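Below: one structure, written as structure tokens.
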Amino acid sequence: MIRVEGLHKSFGKVHAVRGISFDAPDGMITGLLGPNGAGKSTTLRVLYTVLKPDAGSAVIDGIDVVNDGLQARRRIGALPHGSGLYPHLTARENIAYFARLCGLRKSEVDDRVEEIIRLLEIEDFAERRTKGFSHGQRTKVSLARALVHDPQNILLDEPSSGLDVMATRSLRRIILKLKDAGRCVLLSSHVMQEVAALCDDVCIIANGRVAIDDSIDGIRARTGCDNLEDAFVRAISMVKAD
Amino acid sequence: MATILIVFAKEVLENLRDRRTLASALIMGPIFAPAVLAFMINLSITRSIEDVERILELPAVGQEQAPNLVSYLRSRNIDVINYPHGRASAIEAVKAGDHDIVLVIPGDFGEQLASTVPAKIELVSDLANTQADRDARRVRNALREYSQELGNVRLLARGIDPAVLVPLNIDELDVSTPSGRSGMLLGMMSYFFVFATLMGGMYLAIDATAGERERGSLEPLLSLPVTRAQLILGKIAATCLFMALSLTLSLLSFYVALKFMPLEQLGMTPNFGPKVVFAAFLLFAPFILLGASIMTLVASFTKSYREAQTWLSVVLFAPTMPIFIVSILTLRPKLEFMFVPSLSQHLLLVDIVKNEPVNNVHVMISVVSTLFFGALLTWICARLYRREGLLG
């Protein structure tokens, strides 16, 4: 369960996040939707503690990410945008490395890595060094790496960008499985259809602010647009107006 | 601690599979440097030996004027061959590089000699050319000896003992030992050891910081429940291991290479047996931490792999600078030098190789101060690794 309140973050003169608040409850998929540069990635980066917010708070399972980053990181699995792998290690070794760093005991690591490899259908290329992997293969391994310690909260930054239809579908299946297992899933995207197909709750962000935070039907109703793309554009313009 | 070990093991495994890291750790420093030194030493030895025995062909203008001189030179392994053109063309030929040196014997040489006027004889050479310089020196010495012998004969003919012209009998006593003489030449060794140590960890230091960021694997790594200090310490430890490996190989390859160098012919017997190799390793070991932390520190400031490479090649030469300066000024070990890492190791190693007594206080200061700087830089690394800008 993730709770973000009044988050602010600037980079020099650029005020990237200007008071974003939202909740991402367990057993639900929450989407952060917004155009490029809206502040989605910055928000997620604050949540997985590589950035410190200027103001506001972010709490994961009751743990403040600023005050207790280490404990907060124990509760999350993150897939940053454009995640890279270690090219000289095999897919399995990449995943096992993260498992060990997450504190899994040596005896648990092998079983757990095997389990996640099967879950994400990585078997075919698990023993290959990741140098030269396709984008889809890399994303799968990165996701496996993020999920290997079975975290309660899962943060995915544009997970489907650059994936083909088949890979996107299998990614969706995995995310839905996580939701059914009672996990809290927070993902960002700039594609309305994608978010609509997955998310129970959508937080539309533009210019570092929250435009609308509602279910898909709620967004349709509040923007008065039946077409999702129109609704998205309308919501963004609501922020620009002020 | 367990986390540091996990990071360490992964970095080691990954870099053992990386050809570039392996090549720089195992080949570049350890094999390449001693090979170059061995080649240079061998070349200079064979040259100096060859020189005396080698027959030098000396073109001469007007050799028929001085048959005695020609046969004297021949006894000195200098073969005079006839240069068929005049003096002017001989000068041109040397200028053009067709000949290194030409001897010019003027037409009145015999006459002047007979009338005991100092007989003029010219040696045309281009001294900017080192081979010509060496040959010219040989010819000059031979001419001087001939001149002296002739003078002695003239004095004897007049009933004077030639010894009256030698009021001083200068005798030089060289107290340097064969090990001592090797110290000067082999002082270059510590330069190679420092270089090999740094080279061994260079790519790992880049890979673990700038490389990790460029590949996009840094951000996922930082989102794990480990502290950044644990990550950077694991990385520095792995860099240390590769540096230690490179240093060890470098010492061993020098040990082997020295066996194949005909150093006795230069009057040198370097004190570089197995015990000294081991002592040298212990002496340079504290420098490993310093090298690893400084490389990691610099690499973690850079924005890309390429930028890191550029900066680290500067870092590669920085610790060798004090060694260069001291070698040129031939400074003796002093207490205050022992506080300077790389310099202290160099001075102490030179003493050991020269087989001179080593000051234990100096060794203590060298070890402690180098370790201190290494620990300080490691601490700074860990501090800087916490900053947000790390992700670039």
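Convention: chains lettered A, B, ... in structure tokens order; per-chain residue numbering from 1; ligands numbered from 1 as shown.
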
Using only C-alpha atoms, tabulate the residues of chain B lying at most 9 Å from any atom of chain A, each with its closest atom pair and that distance in Å to one decimal, by chain and increasing residue number, as JSON lines.
```
{"residue": "B:Ala2", "atom": "CA", "partner": "A:Leu101", "partner_atom": "CA", "distance": 9.0}
{"residue": "B:Thr3", "atom": "CA", "partner": "A:Leu101", "partner_atom": "CA", "distance": 6.2}
{"residue": "B:Ile6", "atom": "CA", "partner": "A:Leu101", "partner_atom": "CA", "distance": 7.0}
{"residue": "B:Val7", "atom": "CA", "partner": "A:Leu101", "partner_atom": "CA", "distance": 7.9}
{"residue": "B:Lys10", "atom": "CA", "partner": "A:Tyr97", "partner_atom": "CA", "distance": 7.2}
{"residue": "B:Leu13", "atom": "CA", "partner": "A:Leu89", "partner_atom": "CA", "distance": 8.2}
{"residue": "B:Glu14", "atom": "CA", "partner": "A:His88", "partner_atom": "CA", "distance": 5.5}
{"residue": "B:Asn15", "atom": "CA", "partner": "A:His88", "partner_atom": "CA", "distance": 7.8}
{"residue": "B:Arg17", "atom": "CA", "partner": "A:His88", "partner_atom": "CA", "distance": 6.2}
{"residue": "B:Asp18", "atom": "CA", "partner": "A:His88", "partner_atom": "CA", "distance": 6.9}
{"residue": "B:Glu212", "atom": "CA", "partner": "A:Tyr86", "partner_atom": "CA", "distance": 8.2}
{"residue": "B:Arg213", "atom": "CA", "partner": "A:Gly84", "partner_atom": "CA", "distance": 8.8}
{"residue": "B:Glu214", "atom": "CA", "partner": "A:Gly84", "partner_atom": "CA", "distance": 8.6}
{"residue": "B:Arg215", "atom": "CA", "partner": "A:Gly84", "partner_atom": "CA", "distance": 5.2}
{"residue": "B:Gly216", "atom": "CA", "partner": "A:Gly84", "partner_atom": "CA", "distance": 4.3}
{"residue": "B:Ser217", "atom": "CA", "partner": "A:Gly84", "partner_atom": "CA", "distance": 4.3}
{"residue": "B:Leu218", "atom": "CA", "partner": "A:Gly84", "partner_atom": "CA", "distance": 7.9}
{"residue": "B:Glu219", "atom": "CA", "partner": "A:Pro80", "partner_atom": "CA", "distance": 6.7}
{"residue": "B:Pro220", "atom": "CA", "partner": "A:Pro80", "partner_atom": "CA", "distance": 6.2}
{"residue": "B:Leu221", "atom": "CA", "partner": "A:Phe98", "partner_atom": "CA", "distance": 7.8}
{"residue": "B:Leu222", "atom": "CA", "partner": "A:Val50", "partner_atom": "CA", "distance": 6.6}
{"residue": "B:Ser223", "atom": "CA", "partner": "A:Tyr48", "partner_atom": "CA", "distance": 5.4}
{"residue": "B:Leu224", "atom": "CA", "partner": "A:Arg73", "partner_atom": "CA", "distance": 5.8}
{"residue": "B:Pro225", "atom": "CA", "partner": "A:Arg73", "partner_atom": "CA", "distance": 4.8}
{"residue": "B:Val226", "atom": "CA", "partner": "A:Leu70", "partner_atom": "CA", "distance": 6.6}
{"residue": "B:Thr227", "atom": "CA", "partner": "A:Leu70", "partner_atom": "CA", "distance": 7.0}
{"residue": "B:Glu388", "atom": "CA", "partner": "A:Leu51", "partner_atom": "CA", "distance": 6.0}
{"residue": "B:Leu391", "atom": "CA", "partner": "A:Val50", "partner_atom": "CA", "distance": 8.2}
```

- [ ] Among the residues of segment 2-86 of chain A, find those DSSP assigns to strand (DSSP E) from the backbone and print them as a PyMOL selection string.
- [x] chain A and resi 2-11+14-24+28-33+55-60+63-64+76-79

- [ ] Can you pull out every residue within 10 Å of segment 321-333 of chain B, counting only C-alpha atoms, but drop anything in the same chain fewer than 4 positions away, and send it as a PyMOL selection string?
- [x] chain B and resi 184-185+187-188+190-191+194+316-317+337-338+340-348+350-351+358-359+362

Task: Which of segment 52-247 of chain B fall in helix (DSSP H, G or I), as a VMD selection string - done: chain B and resid 52 to 53 63 to 65 67 to 75 87 to 95 109 to 114 130 to 157 162 to 165 178 to 186 188 to 215 218 to 222 228 to 247

I'd like the contact shell of segment 86-93 of chain B - 10 Å cut-off, only C-alpha atoms, skipping same-chain residues fewer than 3 positions apart - returned as a CSV table (one decimal) with C-alpha atoms, in the first residue's frame.
```
chain,number,residue,atom,x,y,z
B,59,PRO,CA,85.5,7.0,-45.4
B,60,ALA,CA,88.5,9.4,-45.7
B,61,VAL,CA,89.5,12.0,-48.1
B,62,GLY,CA,93.3,11.9,-48.9
B,83,TYR,CA,86.4,8.7,-50.3
B,96,ALA,CA,72.6,14.5,-46.7
B,97,GLY,CA,73.0,11.6,-44.4
B,98,ASP,CA,74.8,9.4,-47.0
B,99,HIS,CA,77.7,9.0,-44.5
B,100,ASP,CA,77.6,9.3,-40.7
B,101,ILE,CA,81.2,10.5,-40.5
B,102,VAL,CA,84.0,11.3,-43.0
B,103,LEU,CA,87.7,11.9,-42.1
B,104,VAL,CA,89.4,14.7,-44.1
B,105,ILE,CA,93.2,14.6,-44.4
B,106,PRO,CA,94.5,17.7,-46.0
B,122,GLU,CA,89.2,17.1,-39.9
B,123,LEU,CA,86.4,14.8,-38.7
B,124,VAL,CA,83.1,15.7,-40.4
B,125,SER,CA,80.0,14.4,-38.6
B,126,ASP,CA,76.4,15.2,-37.6
```

Open item on the list: When you look at Val12 of chain B with a cut-off of 12 Å (counting only C-alpha atoms), what residues show up, excluding the ones that are within fewer than 2 positions of it in the same chain? I need them as a ChimeraX atom specification.
Closed with: /A:88-89 /B:5-10,14-18,21-22,201,203-205,207-208,234-243,245

- [ ] Work out how far apart atom CA of Phe281 of chain B and atom CA of Thr370 of chain B are and give it in Å to one decimal.
- [x] 14.1 Å

Open item on the list: Set the distance at 12 Å and use only C-alpha atoms: which residues neighbour Leu143 of chain B once local chain neighbours fewer than 3 positions away are removed? I'd like the list as a list in words.
Closed with: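 Near neighbours after the sequence-gap exclusion: Asn68, Leu69, Val70, Ser71, Tyr72, Leu73, Arg74, Arg76, Ile78, Leu103, Ala119, Lys120, Ile121, Glu122, Leu123, Ala136, Arg137, Arg138, Val139, Arg140, Tyr146, Ser147, Gln148, Glu149 and Leu150 of chain B.
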
Skipping near chain neighbours, those fewer than 6 positions away, what residues fall within 8 Å of Pro286 of chain B using only C-alpha atoms, listed as a PDB file with N, CA and C atoms, in the first residue's frame?
```pdb
ATOM      1  N   VAL B 367      53.507   2.638   5.025  1.00  0.00           N
ATOM      2  CA  VAL B 367      52.335   1.761   5.088  1.00  0.00           C
ATOM      3  C   VAL B 367      51.148   2.508   5.701  1.00  0.00           C
ATOM      4  N   THR B 370      49.858   5.540   3.517  1.00  0.00           N
ATOM      5  CA  THR B 370      49.183   5.103   2.291  1.00  0.00           C
ATOM      6  C   THR B 370      47.823   4.495   2.616  1.00  0.00           C
ATOM      7  N   LEU B 371      47.787   3.677   3.666  1.00  0.00           N
ATOM      8  CA  LEU B 371      46.508   3.099   4.080  1.00  0.00           C
ATOM      9  C   LEU B 371      45.536   4.187   4.511  1.00  0.00           C
ATOM     10  N   GLY B 374      44.129   5.853   1.505  1.00  0.00           N
ATOM     11  CA  GLY B 374      43.218   4.912   0.858  1.00  0.00           C
ATOM     12  C   GLY B 374      41.880   4.858   1.578  1.00  0.00           C
TER      13      GLY B 374
END
```
